[in-house]
file data.txt (compact mmCIF, C-alpha atoms)
# COMPACT_ATOMS: atom_id res chain seq x y z
CA MET K 1 52.80 26.18 -1.91
CA ALA K 2 52.53 22.87 -3.68
CA GLY K 3 55.61 21.01 -4.94
CA SER K 4 57.47 21.66 -8.15
CA ALA K 5 54.71 19.92 -10.11
CA ALA K 6 52.61 23.05 -9.55
CA PHE K 7 54.88 25.02 -11.87
CA SER K 8 55.21 24.93 -15.62
CA PRO K 9 56.89 21.68 -16.77
CA ASP K 10 60.18 23.35 -17.76
CA ILE K 11 60.43 25.09 -14.41
CA ALA K 12 59.54 21.90 -12.53
CA LYS K 13 62.50 20.22 -14.29
CA ILE K 14 64.84 23.05 -13.30
CA LEU K 15 63.65 22.87 -9.69
CA ASP K 16 64.15 19.12 -9.57
CA ALA K 17 67.72 19.61 -10.74
CA LEU K 18 68.52 22.18 -8.07
CA THR K 19 69.76 20.10 -5.19
CA PRO K 20 69.33 21.93 -1.91
CA ARG K 21 72.63 22.51 -0.24
CA GLU K 22 72.86 20.52 2.95
CA THR K 23 74.38 22.09 5.97
CA ASP K 24 75.72 20.14 8.90
CA ALA K 25 72.81 20.28 11.30
CA SER K 26 74.77 18.99 14.25
CA GLY K 27 75.04 22.53 15.56
CA ILE K 28 77.13 23.70 18.43
CA GLN K 29 77.41 21.01 21.08
CA GLY K 30 77.70 21.62 24.77
CA GLU K 31 79.18 19.41 27.47
CA ASP K 32 77.07 16.60 28.92
CA ASP K 33 76.10 18.39 32.11
CA ALA K 34 75.81 21.76 30.48
CA VAL K 35 73.92 23.35 27.67
CA GLN K 36 75.35 25.80 25.24
CA LEU K 37 73.52 29.08 24.82
CA VAL K 38 73.80 31.67 22.07
CA VAL K 39 73.11 34.93 23.86
CA PHE K 40 71.72 37.87 21.95
CA LEU K 41 70.32 41.30 22.63
CA ILE K 42 67.00 42.70 21.52
CA GLN K 43 66.28 46.28 22.62
CA GLY K 44 68.47 45.91 25.67
CA GLY K 45 66.92 42.60 26.72
CA TYR K 46 69.06 39.47 26.96
CA TYR K 47 67.75 36.38 25.19
CA ALA K 48 69.25 33.07 24.12
CA PHE K 49 68.66 30.09 21.90
CA PHE K 50 70.07 26.67 22.70
CA GLY K 51 73.32 26.25 20.79
CA GLU K 52 72.31 22.84 19.46
CA SER K 53 69.82 24.59 17.13
CA ILE K 54 72.27 27.19 15.85
CA LEU K 55 74.37 26.60 12.75
CA GLU K 56 76.03 29.96 12.16
CA ILE K 57 76.26 33.51 13.46
CA VAL K 58 77.04 36.00 10.72
CA PRO K 59 77.14 39.78 10.25
CA VAL K 60 74.20 41.18 8.33
CA GLN K 61 74.77 41.59 4.63
CA THR K 62 72.15 42.73 2.16
CA ILE K 63 68.66 41.47 2.94
CA THR K 64 66.67 41.23 -0.28
CA PHE K 65 62.98 42.00 0.10
CA VAL K 66 60.59 39.25 -1.01
CA PRO K 67 57.14 40.49 -2.00
CA GLY K 68 54.20 38.64 -0.54
CA MET K 69 55.89 37.64 2.70
CA PRO K 70 54.55 38.43 6.17
CA ALA K 71 56.13 41.43 7.84
CA CYS K 72 58.12 39.29 10.26
CA VAL K 73 60.24 38.03 7.33
CA PRO K 74 62.03 41.04 5.82
CA GLY K 75 63.61 38.97 3.06
CA VAL K 76 66.39 36.61 2.13
CA THR K 77 70.15 36.82 2.33
CA HIS K 78 73.31 34.99 1.42
CA ILE K 79 74.90 32.95 4.16
CA ARG K 80 78.07 31.19 3.05
CA GLY K 81 76.85 30.30 -0.40
CA SER K 82 73.28 29.43 0.59
CA ILE K 83 70.23 31.64 0.32
CA GLU K 84 68.35 31.77 3.60
CA SER K 85 65.22 33.48 4.82
CA VAL K 86 65.55 36.10 7.54
CA LEU K 87 63.13 36.35 10.45
CA ASP K 88 63.07 39.66 12.32
CA MET K 89 63.22 38.92 16.05
CA ARG K 90 62.14 42.46 16.92
CA HIS K 91 58.96 41.96 14.97
CA VAL K 92 58.41 38.56 16.59
CA LEU K 93 58.70 40.14 20.05
CA GLY K 94 56.35 42.98 19.09
CA LEU K 95 59.05 45.64 19.31
CA PRO K 96 59.43 48.61 16.96
CA PRO K 97 61.86 48.24 14.04
CA ALA K 98 65.37 49.60 14.43
CA PRO K 99 68.03 50.39 11.85
CA LEU K 100 70.70 47.80 11.24
CA THR K 101 74.02 48.55 12.90
CA SER K 102 77.50 47.10 12.76
CA SER K 103 76.49 44.96 15.74
CA SER K 104 73.44 43.45 14.03
CA ARG K 105 73.74 39.74 13.43
CA ILE K 106 71.90 36.94 11.73
CA VAL K 107 71.71 33.75 13.76
CA LEU K 108 71.10 30.80 11.44
CA GLY K 109 68.93 28.27 13.21
CA GLN K 110 67.58 24.86 12.28
CA ALA K 111 64.75 22.94 13.87
CA GLY K 112 63.44 19.87 12.10
CA ASP K 113 63.29 20.62 8.41
CA VAL K 114 62.99 24.36 8.92
CA ARG K 115 66.08 26.50 8.64
CA SER K 116 66.14 30.28 8.75
CA GLY K 117 68.23 33.22 9.78
CA VAL K 118 67.01 35.21 12.76
CA LEU K 119 67.90 38.90 12.81
CA VAL K 120 68.98 40.16 16.25
CA ASP K 121 70.43 43.45 17.52
CA SER K 122 73.70 41.80 18.50
CA VAL K 123 75.14 38.50 19.63
CA GLU K 124 76.76 38.89 23.03
CA ASP K 125 78.15 35.49 23.81
CA VAL K 126 78.19 31.77 23.22
CA LEU K 127 78.58 30.05 26.56
CA ASP K 128 78.17 26.76 28.38
CA VAL K 129 75.75 26.92 31.27
CA PRO K 130 75.28 24.11 33.80
CA ASN K 131 71.79 22.68 33.52
CA ARG K 132 71.16 23.29 37.21
CA THR K 133 71.46 27.06 36.78
CA ILE K 134 68.53 27.18 34.38
CA HIS K 135 65.24 27.63 36.18
CA GLU K 136 61.62 28.39 35.52
CA PRO K 137 60.93 32.04 34.71
CA LYS K 138 60.14 34.15 37.77
CA ASP K 139 57.15 35.57 35.96
CA ALA K 140 55.72 34.84 32.52
CA PRO K 141 57.65 37.00 30.04
CA HIS K 142 55.98 37.34 26.63
CA GLU K 143 53.03 35.33 27.93
CA GLU K 144 50.69 37.15 25.55
CA ASN K 145 52.88 36.35 22.52
CA ASP K 146 52.04 32.86 21.29
CA ARG K 147 55.04 32.83 18.93
CA VAL K 148 57.38 32.88 21.91
CA ARG K 149 57.88 29.92 24.22
CA VAL K 150 60.22 30.57 27.12
CA MET K 151 62.25 27.45 27.96
CA GLY K 152 63.72 28.89 31.12
CA GLU K 153 65.94 31.61 32.37
CA THR K 154 69.30 32.07 33.99
CA ASP K 155 71.55 34.85 35.21
CA TYR K 156 74.03 36.43 32.89
CA TYR K 157 76.36 39.01 34.46
CA GLU K 158 73.58 40.33 36.67
CA HIS K 159 71.15 40.37 33.77
CA ARG K 160 68.13 38.20 33.35
CA LEU K 161 68.66 35.88 30.37
CA ILE K 162 65.51 34.47 28.80
CA ILE K 163 65.95 31.24 26.82
CA LEU K 164 63.64 30.92 23.82
CA ASP K 165 62.55 27.85 21.90
CA ILE K 166 63.53 28.34 18.24
CA GLU K 167 61.61 25.24 17.12
CA HIS K 168 58.39 26.62 18.56
CA LEU K 169 59.15 29.98 16.97
CA PHE K 170 59.48 28.45 13.50
CA GLU K 171 56.38 26.30 13.98
CA MET K 172 54.27 29.24 15.05
CA ILE K 173 55.49 31.46 12.22
CA LEU K 174 54.54 28.75 9.74
CA THR K 175 51.22 28.04 11.42
CA HIS K 176 49.99 31.56 11.94
CA ALA K 177 51.12 33.36 8.83
CA ASP K 178 48.25 34.19 6.55
CA ARG K 179 49.23 32.63 3.25
CA THR K 180 46.68 33.14 0.55
CA ASP K 181 47.42 32.36 -3.06
CA GLY K 182 48.18 35.60 -4.84
CA MET Z 183 85.29 19.02 -21.05
CA PRO Z 184 81.77 19.06 -19.58
CA THR Z 185 80.01 22.37 -19.68
CA GLU Z 186 78.32 23.77 -16.62
CA PRO Z 187 74.53 23.52 -16.88
CA THR Z 188 72.85 26.85 -17.24
CA VAL Z 189 69.35 28.26 -17.50
CA GLU Z 190 68.54 31.26 -19.64
CA ILE Z 191 66.89 33.89 -17.50
CA VAL Z 192 65.25 37.18 -18.46
CA MET Z 193 66.10 39.76 -15.78
CA PHE Z 194 63.52 42.46 -15.27
CA SER Z 195 62.28 44.91 -12.70
CA ALA Z 196 58.82 45.89 -11.55
CA ALA Z 197 57.76 48.10 -8.67
CA GLY Z 198 61.44 48.77 -8.06
CA LEU Z 199 62.09 45.08 -7.31
CA ASN Z 200 64.36 42.71 -9.21
CA PHE Z 201 62.92 39.59 -10.79
CA GLY Z 202 63.86 36.94 -13.28
CA THR Z 203 61.96 34.47 -15.38
CA TYR Z 204 62.86 31.40 -17.39
CA ALA Z 205 63.48 32.64 -20.92
CA GLY Z 206 61.82 29.57 -22.40
CA GLN Z 207 58.49 31.02 -21.34
CA ILE Z 208 59.02 34.22 -23.31
CA ALA Z 209 58.29 34.52 -27.02
CA GLU Z 210 59.03 38.20 -27.44
CA ILE Z 211 60.12 41.24 -25.51
CA LEU Z 212 58.30 44.23 -26.92
CA PRO Z 213 58.33 47.89 -26.10
CA ALA Z 214 55.09 48.99 -24.47
CA GLN Z 215 53.84 51.27 -27.20
CA ARG Z 216 51.68 53.36 -24.97
CA GLN Z 217 51.07 53.56 -21.28
CA PRO Z 218 47.97 51.45 -21.12
CA ALA Z 219 45.07 51.92 -18.75
CA THR Z 220 45.07 49.14 -16.20
CA SER Z 221 41.85 47.51 -15.06
CA ARG Z 222 41.28 47.00 -11.40
CA HIS Z 223 42.37 43.38 -11.80
CA GLY Z 224 45.71 44.46 -13.22
CA TRP Z 225 45.14 43.72 -16.90
CA CYS Z 226 45.61 46.16 -19.73
CA ASP Z 227 45.42 46.11 -23.51
CA CYS Z 228 48.69 46.70 -25.33
CA LEU Z 229 49.92 46.56 -28.87
CA GLY Z 230 52.69 44.13 -29.71
CA ARG Z 231 54.05 44.66 -33.23
CA GLY Z 232 50.71 46.08 -34.19
CA GLU Z 233 48.75 43.14 -32.79
CA PRO Z 234 46.58 43.42 -29.71
CA CYS Z 235 48.07 41.85 -26.63
CA ARG Z 236 46.64 41.56 -23.15
CA ALA Z 237 49.19 42.18 -20.48
CA LEU Z 238 49.24 41.92 -16.74
CA ASP Z 239 50.67 45.07 -15.18
CA PHE Z 240 53.01 43.34 -12.77
CA ALA Z 241 53.82 46.39 -10.64
CA TYR Z 242 50.12 47.10 -10.19
CA TRP Z 243 49.46 43.44 -9.41
CA LEU Z 244 52.25 43.38 -6.83
CA GLU Z 245 50.88 46.45 -5.12
CA ARG Z 246 47.38 45.04 -5.06
CA HIS Z 247 48.03 41.41 -4.18
CA ALA Z 248 51.34 41.21 -2.43
CA CYS Z 249 51.39 44.30 -0.24
CA SER Z 250 54.45 45.50 -2.10
CA ALA Z 251 54.36 49.21 -2.67
CA ARG Z 252 55.97 50.65 -5.78
CA THR Z 253 59.29 51.98 -4.61
CA SER Z 254 60.92 55.25 -5.45
CA GLY Z 255 63.39 53.41 -7.68
CA SER Z 256 60.71 52.13 -10.02
CA ARG Z 257 60.22 53.40 -13.54
CA PRO Z 258 57.17 53.67 -15.73
CA ALA Z 259 56.35 50.44 -17.50
CA SER Z 260 58.39 50.14 -20.67
CA LYS Z 261 58.34 46.52 -21.84
CA VAL Z 262 55.91 43.71 -22.44
CA LEU Z 263 57.15 40.15 -22.07
CA VAL Z 264 54.94 38.13 -24.40
CA LEU Z 265 54.54 34.54 -23.29
CA ALA Z 266 55.41 31.65 -25.54
CA SER Z 267 53.00 28.89 -24.61
CA PRO Z 268 49.91 28.33 -26.76
CA ALA Z 269 47.73 28.56 -23.65
CA THR Z 270 48.84 32.10 -23.01
CA ARG Z 271 49.23 33.21 -26.62
CA ARG Z 272 49.20 36.97 -27.06
CA GLN Z 273 49.29 37.46 -23.35
CA GLY Z 274 52.11 39.14 -21.58
CA ILE Z 275 53.48 40.83 -18.52
CA LEU Z 276 53.97 44.57 -18.42
CA VAL Z 277 57.22 45.33 -16.59
CA ASP Z 278 59.18 48.45 -15.83
CA TYR Z 279 62.46 47.49 -17.40
CA VAL Z 280 64.26 44.50 -18.89
CA GLU Z 281 67.85 44.51 -17.73
CA ASP Z 282 69.37 41.50 -19.36
CA VAL Z 283 68.88 38.06 -20.81
CA ALA Z 284 71.62 35.80 -19.52
CA ASP Z 285 72.64 32.18 -19.05
CA VAL Z 286 72.81 31.60 -15.32
CA ALA Z 287 74.72 28.62 -13.96
CA PHE Z 288 72.81 26.21 -11.75
CA GLU Z 289 75.10 27.05 -8.88
CA HIS Z 290 73.70 30.59 -8.97
CA LEU Z 291 70.12 29.36 -8.78
CA ALA Z 292 68.42 28.17 -5.62
CA PRO Z 293 65.02 26.93 -4.61
CA LEU Z 294 63.10 29.18 -2.24
CA PRO Z 295 64.04 28.79 1.44
CA ILE Z 296 61.39 26.80 3.26
CA LEU Z 297 59.88 29.77 5.12
CA VAL Z 298 59.44 31.62 1.82
CA ARG Z 299 58.07 28.53 0.09
CA ARG Z 300 55.51 28.00 2.83
CA LEU Z 301 54.57 31.60 3.57
CA CYS Z 302 54.84 33.65 0.40
CA ARG Z 303 51.49 34.83 -0.91
CA ILE Z 304 52.81 34.80 -4.49
CA SER Z 305 52.59 31.15 -5.45
CA ALA Z 306 54.25 31.84 -8.83
CA LEU Z 307 57.63 32.47 -7.17
CA TRP Z 308 59.73 29.36 -7.66
CA GLY Z 309 63.33 30.20 -6.91
CA ILE Z 310 66.07 32.74 -6.51
CA ALA Z 311 68.84 33.70 -8.90
CA ASP Z 312 72.05 35.27 -7.72
CA TYR Z 313 73.00 37.43 -10.67
CA ALA Z 314 75.40 40.37 -10.77
CA ASP Z 315 75.56 40.51 -6.95
CA THR Z 316 71.79 40.83 -6.70
CA LEU Z 317 69.29 38.25 -5.54
CA ARG Z 318 66.30 38.08 -7.88
CA MET Z 319 63.01 36.35 -7.30
CA LEU Z 320 62.23 33.94 -10.14
CA VAL Z 321 58.63 34.03 -11.34
CA ASP Z 322 56.73 31.38 -13.27
CA LEU Z 323 54.91 33.80 -15.57
CA GLU Z 324 52.50 31.19 -16.91
CA ARG Z 325 51.41 30.37 -13.40
CA LEU Z 326 51.17 34.06 -12.55
CA LEU Z 327 48.88 34.68 -15.50
CA THR Z 328 46.77 31.63 -14.68
CA VAL Z 329 46.36 32.66 -11.06
CA SER Z 330 45.68 36.25 -12.02
CA GLU Z 331 43.04 35.25 -14.58
CA ALA Z 332 41.28 33.09 -12.01
CA ASP Z 333 41.50 35.92 -9.51
CA GLY Z 334 40.00 38.33 -12.05
CA ARG Z 335 37.13 35.94 -12.76
CA MET Z 336 36.41 35.61 -9.06
CA LEU Z 337 36.37 39.37 -8.57
CA SER Z 338 34.30 40.13 -11.65
call {"tool": "encode", "arguments": {"input": "data.txt", "output": "structure tokens"}}
result
Amino acid sequence: MAGSAAFSPDIAKILDALTPRETDASGIQGEDDAVQLVVFLIQGGYYAFFGESILEIVPVQTITFVPGMPACVPGVTHIRGSIESVLDMRHVLGLPPAPLTSSSRIVLGQAGDVRSGVLVDSVEDVLDVPNRTIHEPKDAPHEENDRVRVMGETDYYEHRLIILDIEHLFEMILTHADRTDG
Amino acid sequence: MPTEPTVEIVMFSAAGLNFGTYAGQIAEILPAQRQPATSRHGWCDCLGRGEPCRALDFAYWLERHACSARTSGSRPASKVLVLASPATRRQGILVDYVEDVADVAFEHLAPLPILVRRLCRISALWGIADYADTLRMLVDLERLLTVSEADGRMLS
């Protein structure tokens, strides 16, 4: 979509006056020799984002449907006074939809100038992991899914924990979505 | 004491979804005097205070262009929002229901989040209002009509 100049003059003025709320993008910091991981579950599989890209983890409140959005974005929601988009991680991973539960969470991530909530089945942990324990994936999980870039994997209580690149995820969602002017 | 800046917003629903529009774009809110037949491009002929008025059936347009099915909560169209600008004189938007016309404080208005701004197929969406515990998509109706007219010409 073009900038506010694309709208009617009165609306462009209103938009110019609405100052986007800035959120501290410093994220959750890990120790020097360790990285912080935000561990979440999707259909029984353990995944993580690097903590430095995560601003908040919040329970799911109402998600308001936005017409004209790709299916991977079910809508928008309130997160501490801001209105944020919500990206459905199940859809991204090609998994069937599931009803929201009391464990469902929205992980608010930021990469570059893109900020969005990511809907996950649950958040299991936020932990510091020594860099040396992160290794190349044993196989190529989600190799066929170009929206997913695996940064590495590690062990998490005898589970395989796959670390995903949230910046790549946002880039690919923006690149591949079919936006045609309606 | 300084007053909080506000924007007057017309709150309406279509296809069971909640929307708002800047009230400065609206000249009149009229009852739809009959259920008009809608062309395949989404336009229909209405009567506004006895005068002919072309109106875009917004629920139909949403279903056709934005992959947004009419939901079970939607009602039959009941109102026509007649636009104010000379360019769109005697043109309007057919909506299901007008809920309210209210001054909304700037702090309850927000631009679209970046993913929505970049991905949404409805280019006439320009923001979000948080009103009565409901988030409402704000629509630039003049832009919607302009885009829809161009779309109709292309399809004709």
call {"tool": "residues_around", "arguments": {"input": "data.txt", "residues": "segment 107-119 of chain K", "least_positions_apart": "6", "cutoff": "6 Å", "atoms": "all atoms listed in the file", "output": "list of chain:residue names"}}
result
K:Ser53, K:Ile54, K:Leu55, K:Glu56, K:Ile57, K:Glu84, K:Ser85, K:Val86, K:Leu87, K:Asp88, K:Met89, K:Glu167
call {"tool": "axis_aligned_box", "arguments": {"input": "data.txt", "around": "segment 135-141 of chain K", "padding_each_side": "3 Å", "output": "AutoDock Vina command-line options"}}
result
--center_x 60.5 --center_y 32.3 --center_z 33.9 --size_x 15.5 --size_y 15.4 --size_z 13.7
call {"tool": "interface_residues", "arguments": {"input": "data.txt", "of": "chain Z", "to": "chain K", "cutoff": "8 Å", "atoms": "only C-alpha atoms", "output": "ChimeraX atom specification"}}
result
/Z:204,206,244,247-250,288,291-306,308-309,317,319,322,324-325,329-330
call {"tool": "residues_around", "arguments": {"input": "data.txt", "residues": "Leu100 of chain K", "least_positions_apart": "5", "cutoff": "9 Å", "atoms": "only C-alpha atoms", "output": "list in words"}}
result
Val60, Arg105 and Asp121 of chain K
call {"tool": "write_last_selection", "arguments": {"input": "data.txt", "atoms": "C-alpha atoms", "output": "mmCIF file, in the frame of the given file"}}
result
data_model
loop_
_atom_site.group_PDB
_atom_site.id
_atom_site.type_symbol
_atom_site.label_atom_id
_atom_site.label_comp_id
_atom_site.auth_asym_id
_atom_site.auth_seq_id
_atom_site.Cartn_x
_atom_site.Cartn_y
_atom_site.Cartn_z
ATOM 1 C CA VAL K 60 74.200 41.180 8.330
ATOM 2 C CA ARG K 105 73.740 39.740 13.430
ATOM 3 C CA ASP K 121 70.430 43.450 17.520
#
call {"tool": "closest_residue", "arguments": {"input": "data.txt", "among": "K:Leu37, K:Leu127, K:Cys72, K:Leu95", "to": "Ile162 of chain K", "atoms": "all atoms listed in the file"}}
result
K:Leu37
